[in-house]
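Structure data follow from entry_17.csv (CSV, C-alpha atoms and all ligand atoms):
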chain,number,residue,atom,x,y,z
A,195,MET,CA,144.9,124.4,66.2
A,196,TYR,CA,146.9,124.7,63.0
A,197,VAL,CA,150.2,126.7,63.2
A,198,THR,CA,152.8,127.7,60.7
A,199,LYS,CA,155.5,130.4,60.6
A,200,CYS,CA,157.5,132.3,58.1
A,201,LEU,CA,160.5,134.6,58.2
A,202,ALA,CA,160.8,137.8,56.2
A,203,ASP,CA,161.2,135.8,52.9
A,204,GLY,CA,157.4,135.3,53.1
A,205,ILE,CA,157.4,131.6,52.6
A,206,PHE,CA,155.3,129.7,55.1
A,207,GLU,CA,156.6,126.4,56.1
A,208,GLN,CA,154.5,123.2,56.2
A,209,GLY,CA,152.1,123.8,59.1
A,210,GLN,CA,151.2,121.4,61.9
A,211,LEU,CA,148.3,120.7,64.1
A,212,ASN,CA,149.0,121.4,67.8
A,213,PRO,CA,146.8,120.9,70.8
A,214,TYR,CA,144.8,124.1,71.4
A,215,GLY,CA,146.6,126.3,74.0
A,216,ASN,CA,148.6,129.4,74.7
A,217,ILE,CA,151.2,130.6,72.4
A,218,GLU,CA,154.5,132.2,73.3
A,219,LEU,CA,155.4,135.7,72.0
A,220,ASN,CA,158.4,138.0,72.5
A,221,PRO,CA,157.3,141.1,74.3
A,222,PHE,CA,158.7,143.1,71.3
A,223,ALA,CA,156.4,141.1,68.9
A,224,ALA,CA,155.2,143.5,66.1
A,225,VAL,CA,151.5,142.4,66.8
A,226,LEU,CA,151.7,143.3,70.4
A,227,ASN,CA,153.3,146.7,70.0
A,228,TYR,CA,152.2,147.9,66.6
A,229,GLY,CA,149.1,145.9,65.8
A,230,GLN,CA,150.4,144.1,62.8
A,231,GLY,CA,147.7,141.5,62.5
A,232,LEU,CA,144.7,140.3,60.6
A,233,PHE,CA,141.9,137.8,61.3
A,234,GLU,CA,139.3,135.9,59.3
A,235,GLY,CA,136.1,134.1,60.2
A,236,THR,CA,134.3,131.2,58.5
A,237,LYS,CA,132.1,128.3,59.6
A,238,ALA,CA,131.9,124.6,59.1
A,239,PHE,CA,128.3,123.1,58.9
A,240,ARG,CA,127.2,119.6,59.5
A,241,ARG,CA,124.4,118.2,57.4
A,242,LYS,CA,121.7,115.7,58.4
A,243,ASP,CA,123.7,112.8,57.0
A,244,GLY,CA,126.8,113.9,59.0
A,245,ARG,CA,128.8,115.3,56.0
A,246,VAL,CA,130.6,118.5,56.8
A,247,PHE,CA,130.9,121.6,54.5
A,248,LEU,CA,132.6,124.9,54.5
A,249,PHE,CA,131.0,127.9,52.8
A,250,ARG,CA,133.1,129.9,50.3
A,251,PRO,CA,136.3,129.6,52.3
A,252,ASP,CA,138.2,130.7,49.1
A,253,GLN,CA,136.7,134.2,49.7
A,254,ASN,CA,138.3,134.3,53.2
A,255,ALA,CA,141.6,133.2,51.7
A,256,ILE,CA,141.5,136.0,49.1
A,257,ARG,CA,140.5,138.6,51.7
A,258,MET,CA,143.3,137.6,53.9
A,259,GLN,CA,145.8,138.0,51.0
A,260,LEU,CA,144.5,141.5,50.2
A,261,GLY,CA,144.5,142.5,53.9
A,262,ALA,CA,148.1,141.1,54.3
A,263,GLU,CA,149.2,143.4,51.5
A,264,THR,CA,147.6,146.4,53.2
A,265,MET,CA,149.3,145.5,56.5
A,266,CYS,CA,152.7,144.9,55.0
A,267,MET,CA,152.6,141.2,55.8
A,268,PRO,CA,153.3,138.0,53.7
A,269,SER,CA,150.3,135.7,53.6
A,270,PRO,CA,149.8,132.0,53.1
A,271,SER,CA,148.8,131.0,49.6
A,272,ILE,CA,145.1,130.3,48.8
A,273,SER,CA,145.8,126.6,48.9
A,274,GLN,CA,147.8,126.8,52.2
A,275,PHE,CA,144.9,128.7,53.7
A,276,LEU,CA,142.3,126.2,52.5
A,277,HIS,CA,144.4,123.3,53.7
A,278,ALA,CA,144.8,124.8,57.1
A,279,ILE,CA,141.0,125.5,57.4
A,280,LYS,CA,140.2,121.9,56.4
A,281,LYS,CA,142.8,120.4,58.7
A,282,THR,CA,141.5,122.4,61.6
A,283,ALA,CA,137.8,121.6,60.9
A,284,LEU,CA,138.6,117.9,60.6
A,285,ALA,CA,140.7,117.9,63.8
A,286,ASN,CA,137.8,119.5,65.6
A,287,ARG,CA,135.1,117.4,63.9
A,288,ARG,CA,133.6,116.1,67.1
A,289,TRP,CA,132.8,119.8,68.1
A,290,ILE,CA,130.7,120.5,65.1
A,291,PRO,CA,127.1,120.7,66.3
A,292,PRO,CA,124.4,118.6,64.6
A,293,MET,CA,122.4,120.2,61.8
A,294,GLY,CA,120.2,123.1,63.0
A,295,LYS,CA,122.0,123.4,66.4
A,296,GLY,CA,124.9,125.6,65.3
A,297,SER,CA,128.2,125.3,63.6
A,298,LEU,CA,132.0,125.4,64.1
A,299,TYR,CA,133.3,128.9,63.9
A,300,ILE,CA,136.8,128.8,62.4
A,301,ARG,CA,139.2,131.7,63.2
A,302,PRO,CA,142.4,132.2,61.0
A,303,LEU,CA,144.8,134.7,62.5
A,304,LEU,CA,147.9,136.1,60.8
A,305,ILE,CA,150.2,138.1,63.1
A,306,GLY,CA,153.6,139.7,63.1
A,307,SER,CA,155.2,137.5,65.7
A,308,GLY,CA,158.8,138.6,65.4
A,309,PRO,CA,160.6,141.1,67.7
A,310,ILE,CA,161.0,144.6,66.4
A,311,LEU,CA,161.9,147.7,68.4
A,312,GLY,CA,161.2,150.5,65.9
A,313,VAL,CA,158.1,150.8,63.8
A,314,ALA,CA,158.8,148.4,60.9
A,315,PRO,CA,157.4,145.2,59.4
A,316,SER,CA,157.9,142.1,61.6
A,317,PRO,CA,160.9,139.8,60.9
A,318,GLU,CA,158.7,136.8,61.5
A,319,TYR,CA,155.0,135.9,61.0
A,320,THR,CA,152.7,133.3,62.4
A,321,PHE,CA,149.5,131.9,60.8
A,322,LEU,CA,147.2,130.2,63.2
A,323,VAL,CA,143.8,128.6,62.8
A,324,TYR,CA,141.6,127.7,65.7
A,325,ALA,CA,138.0,126.9,66.2
A,326,SER,CA,135.0,127.0,68.5
A,327,PRO,CA,131.5,125.6,68.3
A,328,VAL,CA,128.8,128.3,68.2
A,329,GLY,CA,125.1,128.1,68.6
A,330,ASN,CA,122.6,129.8,66.3
A,331,TYR,CA,122.7,133.5,66.7
A,332,PHE,CA,119.0,133.7,67.4
A,333,LYS,CA,118.4,131.3,70.2
A,334,LYS,CA,114.7,131.5,70.6
A,335,GLY,CA,113.1,132.3,67.4
A,336,LEU,CA,113.3,135.8,66.0
A,337,SER,CA,114.9,138.5,68.1
A,338,PRO,CA,115.5,141.5,65.9
A,339,LEU,CA,118.5,143.8,66.4
A,340,ASN,CA,118.0,147.3,67.7
A,341,LEU,CA,120.6,149.7,66.5
A,342,TYR,CA,121.9,153.1,67.4
A,343,ILE,CA,123.3,155.4,64.8
A,344,GLU,CA,126.6,156.7,66.1
A,345,ASP,CA,127.3,160.3,65.1
A,346,GLU,CA,130.3,161.0,67.3
A,347,PHE,CA,132.8,158.2,66.7
A,348,HIS,CA,133.8,156.8,63.3
A,349,ARG,CA,135.0,153.3,62.4
A,350,ALA,CA,137.0,154.0,59.3
A,351,THR,CA,138.3,156.8,57.1
A,352,HIS,CA,139.3,157.0,53.4
A,353,GLY,CA,142.9,155.8,53.0
A,354,GLY,CA,142.7,153.8,56.2
A,355,VAL,CA,142.3,150.1,56.8
A,356,GLY,CA,138.5,149.8,57.3
A,357,GLY,CA,138.2,147.6,54.2
A,358,VAL,CA,140.4,144.8,55.6
A,359,LYS,CA,139.9,142.6,58.7
A,360,SER,CA,142.8,144.3,60.5
A,361,ILE,CA,142.9,143.6,64.3
A,362,THR,CA,143.3,147.4,64.7
A,363,ASN,CA,139.7,148.0,63.6
A,364,TYR,CA,138.0,146.5,66.6
A,365,ALA,CA,139.3,148.0,69.9
A,366,PRO,CA,138.6,151.5,68.7
A,367,VAL,CA,134.8,150.7,68.3
A,368,LEU,CA,134.5,149.3,71.8
A,369,SER,CA,133.7,152.5,73.6
A,370,ALA,CA,130.9,153.3,71.1
A,371,LEU,CA,129.6,149.7,71.3
A,372,THR,CA,129.8,149.6,75.1
A,373,ARG,CA,128.0,152.9,75.4
A,374,ALA,CA,125.2,151.7,73.0
A,375,LYS,CA,124.9,148.4,74.8
A,376,ASN,CA,124.6,150.2,78.2
A,377,ARG,CA,121.7,152.1,76.7
A,378,GLY,CA,120.0,148.8,75.6
A,379,PHE,CA,121.0,148.7,71.9
A,380,SER,CA,122.5,145.6,70.3
A,381,ASP,CA,125.0,147.4,68.1
A,382,VAL,CA,125.8,150.7,66.4
A,383,ILE,CA,125.8,151.8,62.8
A,384,PHE,CA,128.7,154.1,61.9
A,385,LEU,CA,128.4,157.1,59.5
A,386,ASP,CA,131.0,158.2,56.9
A,387,SER,CA,133.6,160.3,58.6
A,388,VAL,CA,133.6,163.1,56.0
A,389,HIS,CA,130.0,164.3,56.0
A,390,LYS,CA,128.3,162.1,58.8
A,391,LYS,CA,125.6,161.7,56.2
A,392,ASN,CA,125.9,158.2,54.7
A,393,ILE,CA,125.7,154.9,56.6
A,394,GLU,CA,128.7,152.6,56.6
A,395,GLU,CA,128.2,149.4,58.7
A,396,ALA,CA,127.9,148.0,62.2
A,397,THR,CA,130.9,146.9,64.3
A,398,SER,CA,131.1,143.5,62.7
A,399,CYS,CA,128.4,143.2,60.1
A,400,ASN,CA,127.2,144.9,56.9
A,401,VAL,CA,123.9,146.8,56.6
A,402,PHE,CA,121.1,146.6,54.0
A,403,VAL,CA,117.9,148.6,53.6
A,404,VAL,CA,114.8,147.4,51.7
A,405,LYS,CA,112.2,149.7,50.1
A,406,GLY,CA,109.6,148.0,48.0
A,407,ASN,CA,111.5,145.7,45.6
A,408,LEU,CA,114.8,147.6,46.0
A,409,ILE,CA,117.6,146.5,48.3
A,410,SER,CA,120.4,149.0,48.9
A,411,THR,CA,123.7,148.7,50.7
A,412,PRO,CA,126.8,150.9,51.0
A,413,SER,CA,129.4,150.2,48.3
A,414,THR,CA,132.7,148.8,49.5
A,415,ASP,CA,135.1,151.7,48.6
A,416,GLY,CA,137.7,151.1,51.3
A,417,THR,CA,135.8,152.1,54.5
A,418,ILE,CA,133.5,149.1,54.6
A,419,LEU,CA,134.5,145.5,55.2
A,420,PRO,CA,133.6,143.5,52.1
A,421,GLY,CA,131.6,140.7,53.8
A,422,VAL,CA,131.4,137.3,52.2
A,423,THR,CA,127.8,137.1,53.5
A,424,ARG,CA,127.1,140.6,52.0
A,425,LYS,CA,128.4,139.4,48.6
A,426,THR,CA,126.5,136.2,48.8
A,427,VAL,CA,123.2,137.9,49.8
A,428,ILE,CA,123.5,140.3,46.9
A,429,ASP,CA,124.0,137.4,44.5
A,430,ILE,CA,121.0,135.5,45.9
A,431,ALA,CA,118.8,138.6,45.9
A,432,ARG,CA,119.6,139.4,42.2
A,433,ASP,CA,119.0,135.8,41.2
A,434,HIS,CA,115.6,135.9,42.9
A,435,GLY,CA,114.3,139.0,41.2
A,436,TYR,CA,115.2,141.7,43.6
A,437,LYS,CA,116.9,144.9,42.5
A,438,VAL,CA,120.1,145.5,44.4
A,439,GLU,CA,122.1,148.7,44.5
A,440,GLU,CA,125.6,149.2,45.9
A,441,ARG,CA,126.1,152.9,46.4
A,442,SER,CA,126.1,155.7,49.1
A,443,VAL,CA,123.1,155.2,51.4
A,444,PRO,CA,122.1,158.4,53.2
A,445,VAL,CA,120.9,157.9,56.8
A,446,GLU,CA,117.5,159.4,55.8
A,447,GLU,CA,117.0,156.6,53.3
A,448,LEU,CA,117.8,154.1,56.0
A,449,LEU,CA,115.2,155.7,58.3
A,450,ASP,CA,112.7,155.6,55.5
A,451,GLY,CA,113.1,151.9,54.7
A,452,ASP,CA,110.5,149.2,55.0
A,453,GLU,CA,113.0,146.7,56.3
A,454,VAL,CA,116.6,146.8,57.4
A,455,PHE,CA,118.9,143.8,58.0
A,456,CYS,CA,122.5,143.0,58.8
A,457,THR,CA,124.7,140.3,57.3
A,458,GLY,CA,127.8,138.5,58.6
A,459,THR,CA,129.2,135.1,59.2
A,460,ALA,CA,128.3,135.3,62.9
A,461,VAL,CA,124.8,136.8,62.5
A,462,GLY,CA,123.8,135.3,59.2
A,463,VAL,CA,121.0,137.6,57.9
A,464,ALA,CA,119.6,139.4,60.9
A,465,PRO,CA,116.5,141.6,60.8
A,466,VAL,CA,116.6,145.0,62.5
A,467,GLY,CA,113.6,145.9,64.6
A,468,ASP,CA,114.4,149.6,65.2
A,469,ILE,CA,117.0,152.2,64.7
A,470,THR,CA,117.6,155.3,66.9
A,471,TYR,CA,119.1,158.5,65.4
A,472,LYS,CA,119.5,161.8,67.2
A,473,GLY,CA,116.8,160.8,69.7
A,474,ARG,CA,114.3,159.6,67.0
A,475,ARG,CA,113.4,155.9,67.0
A,476,VAL,CA,112.2,154.3,63.8
A,477,GLU,CA,110.6,150.8,63.6
A,478,TYR,CA,110.8,148.3,60.8
A,479,LYS,CA,108.8,145.5,59.6
A,480,ILE,CA,109.8,142.3,61.4
A,481,GLU,CA,106.7,140.1,60.8
A,482,GLY,CA,105.0,138.5,57.9
A,483,GLN,CA,106.8,138.1,54.6
A,484,LEU,CA,110.3,139.5,55.1
A,485,VAL,CA,112.9,140.0,52.4
A,486,SER,CA,115.6,139.2,55.0
A,487,ARG,CA,113.9,136.0,56.0
A,488,ASP,CA,113.5,135.0,52.3
A,489,LEU,CA,117.2,135.6,51.6
A,490,TYR,CA,118.3,133.9,54.8
A,491,SER,CA,116.3,130.8,54.1
A,492,ILE,CA,117.8,130.5,50.6
A,493,LEU,CA,121.3,130.9,52.1
A,494,VAL,CA,120.7,128.3,54.8
A,495,GLY,CA,119.0,126.1,52.2
A,496,ILE,CA,122.2,126.1,50.0
A,497,GLN,CA,124.4,125.6,53.1
A,498,THR,CA,122.4,122.6,54.3
A,499,GLY,CA,122.0,121.0,50.8
A,500,ILE,CA,118.2,121.5,50.6
A,501,ILE,CA,118.7,123.9,47.7
A,502,GLU,CA,121.1,123.0,44.9
A,503,ASP,CA,124.6,124.7,45.1
A,504,LYS,CA,124.7,125.9,41.5
A,505,LYS,CA,127.6,128.3,42.1
A,506,GLY,CA,130.1,125.9,43.8
A,507,TRP,CA,130.0,127.8,47.1
A,508,LEU,CA,130.3,124.7,49.2
A,509,LEU,CA,133.5,122.8,49.9
A,510,GLU,CA,133.1,119.4,51.5
A,511,ILE,CA,135.8,118.4,54.0
A,512,GLU,CA,136.8,114.8,54.4
A,601,LIG,C1,133.8,140.3,59.4
A,601,LIG,C2,133.0,141.6,59.2
A,601,LIG,C3,131.9,141.7,58.5
A,601,LIG,C4,131.2,140.5,57.9
A,601,LIG,O1,131.9,139.8,57.0
A,601,LIG,P1,131.5,138.3,56.6
A,601,LIG,O2,132.6,137.8,55.6
A,601,LIG,O3,130.2,138.3,56.0
A,601,LIG,O4,131.6,137.5,57.9
A,601,LIG,C5,131.3,142.9,58.3
A,601,LIG,N1,131.9,144.0,58.9
A,601,LIG,C6,133.0,144.0,59.6
A,601,LIG,C7,133.5,145.2,60.2
A,601,LIG,C8,133.6,142.7,59.9
A,601,LIG,O5,134.7,142.6,60.6
Take the structure in the file and give it back as structure tokens.
Ligand SMILES: *Cc1c(COP(=O)(O)O)cnc(C)c1O
Amino acid sequence: MYVTKCLADGIFEQGQLNPYGNIELNPFAAVLNYGQGLFEGTKAFRRKDGRVFLFRPDQNAIRMQLGAETMCMPSPSISQFLHAIKKTALANRRWIPPMGKGSLYIRPLLIGSGPILGVAPSPEYTFLVYASPVGNYFKKGLSPLNLYIEDEFHRATHGGVGGVKSITNYAPVLSALTRAKNRGFSDVIFLDSVHKKNIEEATSCNVFVVKGNLISTPSTDGTILPGVTRKTVIDIARDHGYKVEERSVPVEELLDGDEVFCTGTAVGVAPVGDITYKGRRVEYKIEGQLVSRDLYSILVGIQTGIIEDKKGWLLEIE
């Protein structure tokens, strides 16, 4: 794992690769007491010929910088971030699965690691990057998601931190997620906290609805995490003749869709089989020609080099 630190001056020193293992923290560390922390997630893919690529890691670097500003933290520069990701991927090269068998999930973490008693920004920060091999999300063919629309708990509010990958956004969704899982659902969809009328997103992925040739997804106005996969899928869809709208999406419109799918680095582009809202269960198209499958195969095609990377989304590591 890659590790570097900085003091309140905000300048991260030259990082180093350490063996993966526990880290030591002062019990007063800002991250432990006041949740001053951010994470990122990206993947390294291996191609048939053995070459290894990262997908749009610059987007993760930019997102971490924006999040750091929100959380009152200094952040590594874009080039430091990319250097750390590449170093970590290379050091863990033997753990990158062969093409089609999965990928190396890379997890950058920025935390307030210095001791502080009162509520204030940390006097020291640590930037860590570690990794783990992951399999394909769908192990045996297509297993669509079944989602529950959560109308009691909310994930984010206007003026809050829902739009950044703050570590403080995840423990608060666990009770809703656990309750839904106990009832047999794979995830929840949160509603806007003002009107409980428009859909926002799931616990760790963005949501899209398809009706005819129109694809709609909630706009990223501060309560939704701006996913790299979301942005990529929107670009791919527009380039392939679909109409894409980013705007408020009422829950009724979601329930009336032909197809629904989720996007994220972990899930890729995952079709949704059914959604339950206030005791009513709605089913979606999951067979035949699917917009989600079309978009996902283009995305995977670009990642694996079968389709030309015209937009410079891939970064080879060597
Ligand atoms: C990480 C995340 C996503 C997906 O973002 P990607 O950059 O596509 O991986 C969506 N929603 C939430 C809440 C997330 O934490």
>> I'd like the interatomic distance between CA of Phe402 in chain A and atom O5 of ligand LIG 601 (chain A), to a tenth of an Å.
In response: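 Calculated distance between CA of Phe402 in chain A and atom O5 of ligand LIG 601 (chain A) is 15.6 Å.
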> Within 9 Å of ligand LIG 601 (chain A), counting all atoms listed in the file, which protein or nucleic acid residues do you find, written as a VMD selection string?
Replying inline: chain A and resid 233 to 236 253 to 254 257 349 356 to 360 363 to 364 395 to 401 418 to 426 456 to 462
> Restricting the calculation to only C-alpha atoms, which member of A:Thr282, A:Ser369, A:Thr264, A:Gln230 is positioned closest to Val197 in chain A?
Replying inline: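 Of the candidates, the smallest distance to Val197 in chain A is held by A:Thr282.
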> If you count all atoms listed in the file, which residues fall within 12 Å of Thr372 in chain A, apart from same-chain ones fewer than 5 positions away, as a PyMOL selection string?
Replying inline: chain A and resi 342+344+365-367+377-382+397
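Among the candidates A:Ser307, A:Asn376, A:Gln274, A:Asn286, the one nearest to Glu218 in chain A when counting only C-alpha atoms is A:Ser307.
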> Which distance in Å separates CA of Asn407 in chain A and CA of Ser442 in chain A, to one decimal?
Replying inline: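 Atom-to-atom, CA of Asn407 in chain A to CA of Ser442 in chain A, that is 18.0 Å.
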> What is the distance between CA of Gly204 in chain A and CA of Tyr319 in chain A, in Å to one decimal?
Replying inline: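 Calculated distance between CA of Gly204 in chain A and CA of Tyr319 in chain A is 8.3 Å.
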Can you tell me which residues surround range 210-213 of chain A at a distance of at most 10 Å, considering only C-alpha atoms, apart from same-chain residues fewer than 2 positions away, and format the answer as a PDB file with C-alpha atoms, in the coordinates of the input?
ATOM      1  CA  MET A 195     144.900 124.400  66.200  1.00  0.00           C
ATOM      2  CA  TYR A 196     146.900 124.700  63.000  1.00  0.00           C
ATOM      3  CA  VAL A 197     150.200 126.700  63.200  1.00  0.00           C
ATOM      4  CA  THR A 198     152.800 127.700  60.700  1.00  0.00           C
ATOM      5  CA  GLU A 207     156.600 126.400  56.100  1.00  0.00           C
ATOM      6  CA  GLN A 208     154.500 123.200  56.200  1.00  0.00           C
ATOM      7  CA  GLY A 215     146.600 126.300  74.000  1.00  0.00           C
ATOM      8  CA  ASN A 216     148.600 129.400  74.700  1.00  0.00           C
ATOM      9  CA  ALA A 278     144.800 124.800  57.100  1.00  0.00           C
ATOM     10  CA  LYS A 281     142.800 120.400  58.700  1.00  0.00           C
ATOM     11  CA  THR A 282     141.500 122.400  61.600  1.00  0.00           C
ATOM     12  CA  ALA A 285     140.700 117.900  63.800  1.00  0.00           C
ATOM     13  CA  LEU A 322     147.200 130.200  63.200  1.00  0.00           C
ATOM     14  CA  VAL A 323     143.800 128.600  62.800  1.00  0.00           C
ATOM     15  CA  TYR A 324     141.600 127.700  65.700  1.00  0.00           C
TER      16      TYR A 324
END
>> Report as a PyMOL selection string all protein, DNA and RNA residues lying within 10 Å of range 199-202 of chain A, evaluated on all atoms listed in the file, omitting residues in the same chain fewer than 3 positions from it.
In response: chain A and resi 205-209+267-270+304-308+315-322
> Residues at most 8 Å from Ile480 in chain A, counting only C-alpha atoms, excluding those fewer than 4 positions away in the same chain, as a list in words?
Replying inline: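 The contact residues come out as Pro338, Glu453, Pro465, Val466, Gly467 and Leu484 of chain A.
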>> With all atoms listed in the file as the counted atoms, please give the residues lying no more than 8 Å from Tyr490 in chain A, apart from itself and same-chain residues fewer than 4 positions off, as a list in words.
In response: Gly462, Val463, Ser486 and Val494 of chain A
>> For a quick check of your reading of the model, name the residues lying within 10 Å of the coordinate (127.4, 122.4, 60.3), counting all atoms listed in the file, and write them as a PyMOL selection string.
In response: chain A and resi 237-242+244-249+287+289-299+327-328+497-498
